[in-house]
>>> print(open('structure-v1.txt').read())   # compact mmCIF, C-alpha atoms
# COMPACT_ATOMS: atom_id res chain seq x y z
CA MET R 1 -5.55 -11.25 -12.31
CA ILE R 2 -8.88 -10.45 -10.63
CA ASN R 3 -8.97 -14.03 -9.36
CA ARG R 4 -5.52 -13.49 -7.83
CA ILE R 5 -6.80 -10.41 -5.99
CA LYS R 6 -9.73 -12.34 -4.61
CA ALA R 7 -7.47 -15.24 -3.64
CA LEU R 8 -5.08 -12.88 -1.89
CA PHE R 9 -7.75 -11.26 0.24
CA SER R 10 -9.74 -14.39 0.95
CA GLY R 11 -6.80 -16.73 1.51
CA LYS R 12 -5.86 -18.21 4.84
CA PRO R 13 -3.19 -16.50 6.94
CA ALA R 14 0.33 -17.85 7.29
CA THR R 15 0.35 -20.31 10.15
CA ASP R 16 3.95 -19.77 11.23
CA LYS R 17 6.91 -17.52 10.60
CA ALA R 18 8.33 -19.93 8.05
CA GLU R 19 5.31 -19.21 5.84
CA ALA R 20 5.67 -15.42 6.16
CA GLY R 21 7.32 -14.04 3.08
CA ARG R 22 6.00 -16.91 0.94
CA HIS R 23 3.86 -15.17 -1.58
CA SER R 24 4.04 -14.32 -5.22
CA HIS R 25 5.40 -11.06 -6.49
CA ASP R 26 1.91 -10.40 -7.88
CA GLU R 27 0.45 -10.66 -4.37
CA LEU R 28 2.85 -8.02 -3.05
CA GLN R 29 1.96 -5.75 -5.94
CA LEU R 30 -1.78 -6.21 -5.41
CA ALA R 31 -1.59 -5.65 -1.67
CA ALA R 32 0.51 -2.54 -2.09
CA ALA R 33 -1.74 -1.11 -4.79
CA ALA R 34 -4.90 -1.71 -2.74
CA LEU R 35 -3.46 0.04 0.32
CA LEU R 36 -2.16 2.93 -1.78
CA VAL R 37 -5.60 3.46 -3.32
CA GLU R 38 -7.08 3.41 0.19
CA ALA R 39 -4.55 6.01 1.33
CA ALA R 40 -5.22 8.23 -1.67
CA SER R 41 -9.00 8.11 -1.50
CA LEU R 42 -9.42 8.42 2.26
CA ASP R 43 -9.65 12.21 2.30
CA GLY R 44 -12.52 12.12 -0.21
CA HIS R 45 -10.43 13.62 -3.00
CA TYR R 46 -8.75 11.12 -5.29
CA VAL R 47 -6.93 13.67 -7.40
CA ASP R 48 -4.79 13.25 -10.49
CA ALA R 49 -1.58 13.85 -8.52
CA GLU R 50 -2.37 10.92 -6.21
CA GLN R 51 -3.32 8.66 -9.10
CA ALA R 52 -0.10 9.58 -10.90
CA ALA R 53 1.92 8.99 -7.72
CA ILE R 54 0.44 5.51 -7.36
CA ASP R 55 1.22 4.65 -10.98
CA THR R 56 4.78 5.98 -10.57
CA ILE R 57 5.29 3.99 -7.37
CA LEU R 58 3.98 0.83 -9.00
CA ARG R 59 6.26 1.31 -12.02
CA GLN R 60 9.37 2.15 -9.99
CA ARG R 61 9.00 -0.29 -7.10
CA PHE R 62 7.83 -3.25 -9.16
CA GLY R 63 9.42 -2.64 -12.56
CA LEU R 64 6.10 -2.42 -14.37
CA ASN R 65 5.52 -0.73 -17.69
CA ASP R 66 2.81 1.93 -18.07
CA VAL R 67 0.10 -0.52 -19.14
CA GLU R 68 0.87 -3.01 -16.35
CA ALA R 69 0.89 -0.25 -13.74
CA GLN R 70 -2.42 1.14 -14.99
CA ASN R 71 -4.02 -2.33 -15.04
CA LEU R 72 -2.85 -3.04 -11.50
CA HIS R 73 -4.08 0.38 -10.38
CA ASP R 74 -7.50 -0.21 -11.96
CA LEU R 75 -7.81 -3.62 -10.30
CA ALA R 76 -6.81 -2.15 -6.94
CA VAL R 77 -9.44 0.60 -7.30
CA ALA R 78 -12.10 -2.03 -8.03
CA GLU R 79 -11.02 -4.17 -5.05
CA GLN R 80 -10.80 -1.20 -2.69
CA GLY R 81 -14.28 -0.09 -3.78
CA GLU R 82 -15.69 -3.52 -2.87
CA ALA R 83 -13.85 -3.78 0.43
CA ASN R 84 -15.85 -2.86 3.49
CA GLN R 85 -12.93 -2.20 5.76
CA LEU R 86 -9.19 -1.76 5.91
CA LEU R 87 -8.77 -4.68 8.28
CA GLY R 88 -9.21 -7.24 5.51
CA PHE R 89 -6.28 -5.81 3.54
CA THR R 90 -4.01 -5.39 6.53
CA ARG R 91 -4.69 -8.79 8.10
CA VAL R 92 -3.49 -10.57 4.98
CA ILE R 93 -0.42 -8.39 4.73
CA LYS R 94 0.44 -8.74 8.42
CA ASP R 95 0.13 -12.50 8.24
CA ARG R 96 1.92 -13.05 4.95
CA TYR R 97 4.61 -10.39 4.63
CA LEU R 98 7.98 -9.98 6.23
CA PRO R 99 8.58 -6.95 8.47
CA GLU R 100 10.75 -5.28 5.80
CA GLU R 101 7.96 -5.62 3.24
CA ARG R 102 5.42 -4.12 5.63
CA ILE R 103 7.72 -1.15 6.23
CA GLU R 104 8.08 -0.75 2.47
CA LEU R 105 4.28 -0.63 2.13
CA ILE R 106 4.13 2.08 4.81
CA GLU R 107 6.75 4.07 2.91
CA MET R 108 4.76 3.78 -0.31
CA ALA R 109 1.65 4.98 1.53
CA TRP R 110 3.56 8.02 2.80
CA GLU R 111 4.53 8.80 -0.81
CA VAL R 112 0.89 8.76 -1.85
CA ALA R 113 -0.20 10.79 1.18
CA TYR R 114 2.24 13.56 0.22
CA ALA R 115 1.53 13.32 -3.54
CA ASP R 116 -0.89 16.24 -3.54
CA GLY R 117 1.55 18.44 -1.64
CA GLU R 118 -0.03 18.25 1.79
CA LEU R 119 -0.75 15.73 4.48
CA HIS R 120 -4.41 15.70 5.48
CA ASP R 121 -5.52 14.66 8.95
CA HIS R 122 -7.37 11.65 7.51
CA GLU R 123 -4.22 10.51 5.72
CA ALA R 124 -2.06 10.92 8.82
CA ASN R 125 -4.63 8.96 10.81
CA LEU R 126 -4.63 6.19 8.21
CA LEU R 127 -0.85 5.91 8.37
CA ARG R 128 -0.98 5.62 12.16
CA ARG R 129 -3.65 2.93 11.90
CA LEU R 130 -1.75 1.10 9.17
CA GLY R 131 1.36 1.09 11.31
CA GLY R 132 -0.52 -0.53 14.16
CA LEU R 133 -2.44 -3.00 12.01
CA LEU R 134 0.69 -4.06 10.12
CA TYR R 135 2.81 -4.26 13.28
CA VAL R 136 5.14 -1.51 12.09
CA SER R 137 6.44 0.45 15.06
CA ASP R 138 5.99 4.20 15.41
CA ARG R 139 9.75 4.58 15.04
CA GLU R 140 9.84 2.58 11.79
CA ARG R 141 6.81 4.46 10.47
CA GLY R 142 8.46 7.77 11.33
CA GLU R 143 11.70 6.74 9.64
CA ALA R 144 9.76 5.77 6.51
CA ARG R 145 8.10 9.19 6.55
CA LYS R 146 11.47 10.92 6.87
CA ARG R 147 12.86 8.98 3.90
CA VAL R 148 9.89 10.04 1.79
CA LEU R 149 10.18 13.69 2.83
CA ALA R 150 13.91 13.65 2.08
CA ARG R 151 13.24 12.29 -1.42
CA LEU R 152 10.56 14.92 -2.00
CA GLU R 153 12.95 17.71 -0.96
CA GLN R 154 15.54 16.46 -3.45
CA SER R 155 13.13 16.41 -6.37
>>> encode(input="structure-v1.txt", output="structure tokens")
Amino acid sequence: MINRIKALFSGKPATDKAEAGRHSHDELQLAAAALLVEAASLDGHYVDAEQAAIDTILRQRFGLNDVEAQNLHDLAVAEQGEANQLLGFTRVIKDRYLPEERIELIEMAWEVAYADGELHDHEANLLRRLGGLLYVSDRERGEARKRVLARLEQS
């Protein structure tokens, strides 16, 4: 699986729209997990609530069991720790993922940002940057945030 992470983030971009959306389910999981770890650790406090939120998101969104979610999380932490900038993650996602999938990643990131009960300035800034880097409009990013807040109010 580590080789798949490296292949994902070192692979060539899709050359046309027909290639966008052509990726393995594992690649979507790895990209999502890496961005979620980035979102959670950006404020300098990678707390248990954020780690648990990431594991829950990975289990729910991708149908993983506890062990699979933890393994994916651990691999994403290792990859994020080696990455020198966010641009590498987002370039691959922008080039390879459909607009709906990029919006879904933004929504997952909002879930992690709110996992500790508050939105920090660094996290809000990251979500704005992610929106721009992933070509997700401000409106779509805002709608994703509203969906997350609505779910949090219900729980």
>>> residues_around(input="structure-v1.txt", residues="R:Ala53", least_positions_apart="5", cutoff="8 Å", atoms="all atoms listed in the file", output="list in words")
Glu111, Val112 and Ala115 of chain R
>>> residues_near_point(input="structure-v1.txt", point="(1.8, -3.4, 3.5)", cutoff="7 Å", atoms="all atoms listed in the file", output="PyMOL selection string")
chain R and resi 31-32+90+93+101-106+134
>>> closest_residue(input="structure-v1.txt", among="R:Asn125, R:Gln60, R:Ser41, R:Gln29", to="R:His73", atoms="all atoms listed in the file")
R:Gln29
>>> atom_distance(input="structure-v1.txt", atom1="atom CA of R:Tyr114", atom2="atom CA of R:Leu75")
22.5 Å
>>> atom_distance(input="structure-v1.txt", atom1="atom CA of R:Phe89", atom2="atom CA of R:Leu36")
11.0 Å
>>> closest_residue(input="structure-v1.txt", among="R:Leu58, R:Ser155, R:Leu35, R:Glu100", to="R:Leu130", atoms="only C-alpha atoms")
R:Leu35
>>> residues_around(input="structure-v1.txt", residues="R:Arg147", least_positions_apart="2", cutoff="12 Å", atoms="all atoms listed in the file", output="short mmCIF file (atom, residue, chain, number, x, y, z; two decimals) with C-alpha atoms, in the frame of the given file")
data_model
loop_
_atom_site.label_atom_id
_atom_site.label_comp_id
_atom_site.auth_asym_id
_atom_site.auth_seq_id
_atom_site.Cartn_x
_atom_site.Cartn_y
_atom_site.Cartn_z
CA ILE R 103 7.72 -1.15 6.23
CA GLU R 104 8.08 -0.75 2.47
CA ILE R 106 4.13 2.08 4.81
CA GLU R 107 6.75 4.07 2.91
CA MET R 108 4.76 3.78 -0.31
CA TRP R 110 3.56 8.02 2.80
CA GLU R 111 4.53 8.80 -0.81
CA GLU R 140 9.84 2.58 11.79
CA ARG R 141 6.81 4.46 10.47
CA GLY R 142 8.46 7.77 11.33
CA GLU R 143 11.70 6.74 9.64
CA ALA R 144 9.76 5.77 6.51
CA ARG R 145 8.10 9.19 6.55
CA LEU R 149 10.18 13.69 2.83
CA ALA R 150 13.91 13.65 2.08
CA ARG R 151 13.24 12.29 -1.42
CA LEU R 152 10.56 14.92 -2.00
CA GLU R 153 12.95 17.71 -0.96
CA GLN R 154 15.54 16.46 -3.45
#
>>> atom_distance(input="structure-v1.txt", atom1="atom CA of R:Leu98", atom2="atom CA of R:Leu133")
13.8 Å
>>> decode(input="structure-v1.txt", residues="stretch 48-117 of chain R", atoms="C-alpha atoms", output="PDB file, in the first residue's frame")
ATOM      1  CA  ASP R  48      -7.648  12.531  19.713  1.00  0.00           C
ATOM      2  CA  ALA R  49     -10.976  14.002  18.541  1.00  0.00           C
ATOM      3  CA  GLU R  50      -9.476  14.838  15.135  1.00  0.00           C
ATOM      4  CA  GLN R  51      -7.828  11.434  14.819  1.00  0.00           C
ATOM      5  CA  ALA R  52     -11.113   9.743  15.724  1.00  0.00           C
ATOM      6  CA  ALA R  53     -12.998  11.931  13.243  1.00  0.00           C
ATOM      7  CA  ILE R  54     -10.621  10.923  10.456  1.00  0.00           C
ATOM      8  CA  ASP R  55     -10.998   7.230  11.286  1.00  0.00           C
ATOM      9  CA  THR R  56     -14.798   7.599  11.399  1.00  0.00           C
ATOM     10  CA  ILE R  57     -14.850   9.428   8.068  1.00  0.00           C
ATOM     11  CA  LEU R  58     -12.649   6.786   6.467  1.00  0.00           C
ATOM     12  CA  ARG R  59     -14.860   3.973   7.798  1.00  0.00           C
ATOM     13  CA  GLN R  60     -18.150   5.627   6.830  1.00  0.00           C
ATOM     14  CA  ARG R  61     -17.217   7.113   3.461  1.00  0.00           C
ATOM     15  CA  PHE R  62     -15.194   4.163   2.205  1.00  0.00           C
ATOM     16  CA  GLY R  63     -16.771   1.197   3.995  1.00  0.00           C
ATOM     17  CA  LEU R  64     -13.573   0.263   5.808  1.00  0.00           C
ATOM     18  CA  ASN R  65     -13.367  -1.789   8.963  1.00  0.00           C
ATOM     19  CA  ASP R  66     -11.504  -0.481  12.019  1.00  0.00           C
ATOM     20  CA  VAL R  67      -8.176  -2.072  11.070  1.00  0.00           C
ATOM     21  CA  GLU R  68      -8.321  -0.881   7.451  1.00  0.00           C
ATOM     22  CA  ALA R  69      -9.212   2.655   8.530  1.00  0.00           C
ATOM     23  CA  GLN R  70      -6.369   2.731  11.066  1.00  0.00           C
ATOM     24  CA  ASN R  71      -3.865   1.387   8.519  1.00  0.00           C
ATOM     25  CA  LEU R  72      -4.926   3.978   5.950  1.00  0.00           C
ATOM     26  CA  HIS R  73      -4.735   6.699   8.595  1.00  0.00           C
ATOM     27  CA  ASP R  74      -1.237   5.617   9.631  1.00  0.00           C
ATOM     28  CA  LEU R  75      -0.048   5.585   6.019  1.00  0.00           C
ATOM     29  CA  ALA R  76      -1.533   9.032   5.424  1.00  0.00           C
ATOM     30  CA  VAL R  77       0.235  10.388   8.530  1.00  0.00           C
ATOM     31  CA  ALA R  78       3.542   8.998   7.253  1.00  0.00           C
ATOM     32  CA  GLU R  79       2.995  10.468   3.775  1.00  0.00           C
ATOM     33  CA  GLN R  80       1.873  13.839   5.105  1.00  0.00           C
ATOM     34  CA  GLY R  81       4.935  13.960   7.360  1.00  0.00           C
ATOM     35  CA  GLU R  82       7.215  13.442   4.347  1.00  0.00           C
ATOM     36  CA  ALA R  83       5.407  15.915   2.119  1.00  0.00           C
ATOM     37  CA  ASN R  84       6.952  19.342   1.893  1.00  0.00           C
ATOM     38  CA  GLN R  85       3.883  21.152   0.692  1.00  0.00           C
ATOM     39  CA  LEU R  86       0.167  20.865   0.144  1.00  0.00           C
ATOM     40  CA  LEU R  87       0.496  21.561  -3.567  1.00  0.00           C
ATOM     41  CA  GLY R  88       1.728  18.043  -4.308  1.00  0.00           C
ATOM     42  CA  PHE R  89      -1.406  16.478  -2.826  1.00  0.00           C
ATOM     43  CA  THR R  90      -3.808  18.916  -4.417  1.00  0.00           C
ATOM     44  CA  ARG R  91      -2.266  18.869  -7.894  1.00  0.00           C
ATOM     45  CA  VAL R  92      -2.801  15.132  -8.185  1.00  0.00           C
ATOM     46  CA  ILE R  93      -6.351  15.389  -6.913  1.00  0.00           C
ATOM     47  CA  LYS R  94      -7.215  18.322  -9.178  1.00  0.00           C
ATOM     48  CA  ASP R  95      -5.859  16.519 -12.212  1.00  0.00           C
ATOM     49  CA  ARG R  96      -7.304  13.092 -11.502  1.00  0.00           C
ATOM     50  CA  TYR R  97     -10.612  13.566  -9.714  1.00  0.00           C
ATOM     51  CA  LEU R  98     -14.018  14.595 -10.907  1.00  0.00           C
ATOM     52  CA  PRO R  99     -15.527  17.832  -9.545  1.00  0.00           C
ATOM     53  CA  GLU R 100     -17.978  15.893  -7.348  1.00  0.00           C
ATOM     54  CA  GLU R 101     -15.113  13.954  -5.770  1.00  0.00           C
ATOM     55  CA  ARG R 102     -13.175  17.144  -5.069  1.00  0.00           C
ATOM     56  CA  ILE R 103     -16.237  18.635  -3.362  1.00  0.00           C
ATOM     57  CA  GLU R 104     -16.561  15.452  -1.304  1.00  0.00           C
ATOM     58  CA  LEU R 105     -12.939  15.842  -0.170  1.00  0.00           C
ATOM     59  CA  ILE R 106     -13.642  19.431   0.874  1.00  0.00           C
ATOM     60  CA  GLU R 107     -16.647  18.236   2.870  1.00  0.00           C
ATOM     61  CA  MET R 108     -14.534  15.606   4.623  1.00  0.00           C
ATOM     62  CA  ALA R 109     -11.958  18.277   5.473  1.00  0.00           C
ATOM     63  CA  TRP R 110     -14.686  20.448   7.004  1.00  0.00           C
ATOM     64  CA  GLU R 111     -15.702  17.477   9.176  1.00  0.00           C
ATOM     65  CA  VAL R 112     -12.161  17.150  10.470  1.00  0.00           C
ATOM     66  CA  ALA R 113     -11.799  20.897  10.991  1.00  0.00           C
ATOM     67  CA  TYR R 114     -14.872  20.902  13.235  1.00  0.00           C
ATOM     68  CA  ALA R 115     -13.991  17.609  14.994  1.00  0.00           C
ATOM     69  CA  ASP R 116     -12.479  19.333  18.021  1.00  0.00           C
ATOM     70  CA  GLY R 117     -15.515  21.589  18.423  1.00  0.00           C
TER      71      GLY R 117
END
